[in-house]
Amino acid sequence: MGYYNKLKKILSYINFLFGIYLWILIIYAFFRMTGLITRIPMQEHGLGYYLSLPIETILKFF
């Protein structure tokens with residue numbers, strides 16, 4: 001029973017972090033859509049690149 005509670009606690013932390021990550025993506029997309037964040041031509045990796053890394057890693061894994 002103790003392992004189940006530990007697993008449940010770890011999954012709740014992962015769920016919380018994933019929720020924060022999704023809100024950051026939504027806010028970033030809104031700012032890009034309204035033009036408040038623009039891409040600098042000489043910028044190699046923007047914020048969108050770093051925000052999409054976890055999704056790309058998960059998709060490569062599966």
# chains A, B, ... in the order shown; residues from 1 in each chain; ligands from 1
>>> residues_around(residues="A:Gly48", least_positions_apart="5", cutoff="9 Å", atoms="only C-alpha atoms", output="number ranges by chain")
A: 25, 28-29, 53
>>> select_by_dssp(residues="chain A", states="helix (DSSP H, G or I)", output="mmCIF file with N, CA and C atoms, in the first residue's frame")
data_model
loop_
_atom_site.group_PDB
_atom_site.id
_atom_site.type_symbol
_atom_site.label_atom_id
_atom_site.label_comp_id
_atom_site.auth_asym_id
_atom_site.auth_seq_id
_atom_site.Cartn_x
_atom_site.Cartn_y
_atom_site.Cartn_z
ATOM 1 N N GLY A 2 2.032 1.188 0.646
ATOM 2 C CA GLY A 2 2.917 2.352 0.683
ATOM 3 C C GLY A 2 3.455 2.718 -0.688
ATOM 4 N N TYR A 3 3.741 1.689 -1.519
ATOM 5 C CA TYR A 3 4.228 1.963 -2.868
ATOM 6 C C TYR A 3 3.160 2.639 -3.719
ATOM 7 N N TYR A 4 1.930 2.211 -3.526
ATOM 8 C CA TYR A 4 0.827 2.810 -4.264
ATOM 9 C C TYR A 4 0.686 4.290 -3.921
ATOM 10 N N ASN A 5 0.800 4.624 -2.656
ATOM 11 C CA ASN A 5 0.686 6.032 -2.248
ATOM 12 C C ASN A 5 1.849 6.851 -2.771
ATOM 13 N N LYS A 6 3.059 6.263 -2.786
ATOM 14 C CA LYS A 6 4.214 6.983 -3.344
ATOM 15 C C LYS A 6 4.036 7.214 -4.838
ATOM 16 N N LEU A 7 3.562 6.183 -5.540
ATOM 17 C CA LEU A 7 3.327 6.326 -6.973
ATOM 18 C C LEU A 7 2.253 7.370 -7.250
ATOM 19 N N LYS A 8 1.209 7.353 -6.445
ATOM 20 C CA LYS A 8 0.133 8.331 -6.607
ATOM 21 C C LYS A 8 0.659 9.755 -6.390
ATOM 22 N N LYS A 9 1.526 9.930 -5.411
ATOM 23 C CA LYS A 9 2.094 11.253 -5.125
ATOM 24 C C LYS A 9 3.000 11.714 -6.265
ATOM 25 N N ILE A 10 3.822 10.807 -6.802
ATOM 26 C CA ILE A 10 4.706 11.157 -7.918
ATOM 27 C C ILE A 10 3.881 11.528 -9.147
ATOM 28 N N LEU A 11 2.841 10.757 -9.434
ATOM 29 C CA LEU A 11 1.990 11.068 -10.581
ATOM 30 C C LEU A 11 1.258 12.398 -10.408
ATOM 31 N N SER A 12 0.888 12.738 -9.197
ATOM 32 C CA SER A 12 0.228 14.028 -8.993
ATOM 33 C C SER A 12 1.200 15.181 -9.221
ATOM 34 N N TYR A 13 2.480 15.006 -8.835
ATOM 35 C CA TYR A 13 3.485 16.038 -9.113
ATOM 36 C C TYR A 13 3.729 16.173 -10.614
ATOM 37 N N ILE A 14 3.806 15.052 -11.310
ATOM 38 C CA ILE A 14 4.004 15.096 -12.766
ATOM 39 C C ILE A 14 2.815 15.769 -13.436
ATOM 40 N N ASN A 15 1.625 15.471 -12.984
ATOM 41 C CA ASN A 15 0.424 16.092 -13.531
ATOM 42 C C ASN A 15 0.434 17.601 -13.297
ATOM 43 N N PHE A 16 0.853 18.026 -12.118
ATOM 44 C CA PHE A 16 0.933 19.456 -11.811
ATOM 45 C C PHE A 16 1.942 20.156 -12.723
ATOM 46 N N LEU A 17 3.128 19.555 -12.901
ATOM 47 C CA LEU A 17 4.144 20.154 -13.776
ATOM 48 C C LEU A 17 3.672 20.199 -15.222
ATOM 49 N N PHE A 18 2.987 19.158 -15.674
ATOM 50 C CA PHE A 18 2.464 19.142 -17.031
ATOM 51 C C PHE A 18 1.412 20.233 -17.215
ATOM 52 N N GLY A 19 0.589 20.475 -16.202
ATOM 53 C CA GLY A 19 -0.401 21.547 -16.277
ATOM 54 C C GLY A 19 0.254 22.917 -16.393
ATOM 55 N N ILE A 20 1.299 23.132 -15.628
ATOM 56 C CA ILE A 20 2.042 24.401 -15.727
ATOM 57 C C ILE A 20 2.657 24.549 -17.111
ATOM 58 N N TYR A 21 3.227 23.465 -17.625
ATOM 59 C CA TYR A 21 3.836 23.481 -18.964
ATOM 60 C C TYR A 21 2.793 23.831 -20.030
ATOM 61 N N LEU A 22 1.603 23.255 -19.928
ATOM 62 C CA LEU A 22 0.555 23.561 -20.905
ATOM 63 C C LEU A 22 0.124 25.022 -20.840
ATOM 64 N N TRP A 23 0.005 25.574 -19.632
ATOM 65 C CA TRP A 23 -0.352 26.990 -19.516
ATOM 66 C C TRP A 23 0.732 27.882 -20.111
ATOM 67 N N ILE A 24 1.992 27.524 -19.924
ATOM 68 C CA ILE A 24 3.079 28.305 -20.536
ATOM 69 C C ILE A 24 2.975 28.259 -22.048
ATOM 70 N N LEU A 25 2.677 27.077 -22.602
ATOM 71 C CA LEU A 25 2.504 26.967 -24.053
ATOM 72 C C LEU A 25 1.332 27.806 -24.552
ATOM 73 N N ILE A 26 0.233 27.800 -23.813
ATOM 74 C CA ILE A 26 -0.936 28.584 -24.220
ATOM 75 C C ILE A 26 -0.620 30.075 -24.195
ATOM 76 N N ILE A 27 0.025 30.541 -23.146
ATOM 77 C CA ILE A 27 0.378 31.963 -23.042
ATOM 78 C C ILE A 27 1.373 32.347 -24.130
ATOM 79 N N TYR A 28 2.360 31.471 -24.397
ATOM 80 C CA TYR A 28 3.335 31.738 -25.455
ATOM 81 C C TYR A 28 2.644 31.829 -26.817
ATOM 82 N N ALA A 29 1.728 30.908 -27.094
ATOM 83 C CA ALA A 29 1.009 30.937 -28.372
ATOM 84 C C ALA A 29 0.171 32.204 -28.501
ATOM 85 N N PHE A 30 -0.454 32.630 -27.414
ATOM 86 C CA PHE A 30 -1.247 33.863 -27.447
ATOM 87 C C PHE A 30 -0.356 35.070 -27.741
ATOM 88 N N PHE A 31 0.801 35.140 -27.084
ATOM 89 C CA PHE A 31 1.711 36.258 -27.333
ATOM 90 C C PHE A 31 2.254 36.249 -28.757
ATOM 91 N N ARG A 32 2.525 35.069 -29.305
ATOM 92 C CA ARG A 32 2.987 34.997 -30.690
ATOM 93 C C ARG A 32 1.873 35.408 -31.647
ATOM 94 N N MET A 33 0.638 35.004 -31.342
ATOM 95 C CA MET A 33 -0.493 35.320 -32.208
ATOM 96 C C MET A 33 -0.763 36.819 -32.224
ATOM 97 N N THR A 34 -0.636 37.475 -31.083
ATOM 98 C CA THR A 34 -0.917 38.905 -31.018
ATOM 99 C C THR A 34 0.281 39.758 -31.437
ATOM 100 N N LEU A 47 12.323 30.876 -27.828
ATOM 101 C CA LEU A 47 11.599 30.275 -26.718
ATOM 102 C C LEU A 47 10.737 29.109 -27.189
ATOM 103 N N GLY A 48 10.184 29.215 -28.386
ATOM 104 C CA GLY A 48 9.359 28.137 -28.923
ATOM 105 C C GLY A 48 10.128 26.848 -29.104
ATOM 106 N N TYR A 49 11.404 26.954 -29.457
ATOM 107 C CA TYR A 49 12.239 25.761 -29.612
ATOM 108 C C TYR A 49 12.376 25.026 -28.285
ATOM 109 N N TYR A 50 12.635 25.767 -27.227
ATOM 110 C CA TYR A 50 12.818 25.139 -25.917
ATOM 111 C C TYR A 50 11.502 24.629 -25.339
ATOM 112 N N LEU A 51 10.396 25.286 -25.669
ATOM 113 C CA LEU A 51 9.104 24.814 -25.187
ATOM 114 C C LEU A 51 8.662 23.546 -25.917
ATOM 115 N N SER A 52 9.128 23.362 -27.162
ATOM 116 C CA SER A 52 8.708 22.179 -27.914
ATOM 117 C C SER A 52 9.617 20.976 -27.685
ATOM 118 N N LEU A 53 10.727 21.136 -27.000
ATOM 119 C CA LEU A 53 11.639 20.012 -26.763
ATOM 120 C C LEU A 53 10.994 18.837 -26.021
ATOM 121 N N PRO A 54 10.250 19.051 -24.929
ATOM 122 C CA PRO A 54 9.644 17.888 -24.258
ATOM 123 C C PRO A 54 8.676 17.108 -25.150
ATOM 124 N N ILE A 55 7.889 17.809 -25.954
ATOM 125 C CA ILE A 55 6.935 17.130 -26.832
ATOM 126 C C ILE A 55 7.671 16.330 -27.897
ATOM 127 N N GLU A 56 8.725 16.911 -28.492
ATOM 128 C CA GLU A 56 9.492 16.197 -29.503
ATOM 129 C C GLU A 56 10.179 14.976 -28.910
ATOM 130 N N THR A 57 10.682 15.090 -27.694
ATOM 131 C CA THR A 57 11.332 13.959 -27.043
ATOM 132 C C THR A 57 10.344 12.824 -26.803
ATOM 133 N N ILE A 58 9.144 13.160 -26.340
ATOM 134 C CA ILE A 58 8.128 12.136 -26.107
ATOM 135 C C ILE A 58 7.718 11.472 -27.412
ATOM 136 N N LEU A 59 7.560 12.270 -28.494
ATOM 137 C CA LEU A 59 7.171 11.698 -29.766
ATOM 138 C C LEU A 59 8.258 10.812 -30.357
ATOM 139 N N LYS A 60 9.524 11.153 -30.154
ATOM 140 C CA LYS A 60 10.618 10.312 -30.632
ATOM 141 C C LYS A 60 10.680 8.999 -29.853
ATOM 142 N N PHE A 61 10.333 9.052 -28.574
ATOM 143 C CA PHE A 61 10.363 7.857 -27.741
ATOM 144 C C PHE A 61 9.317 6.840 -28.169
#
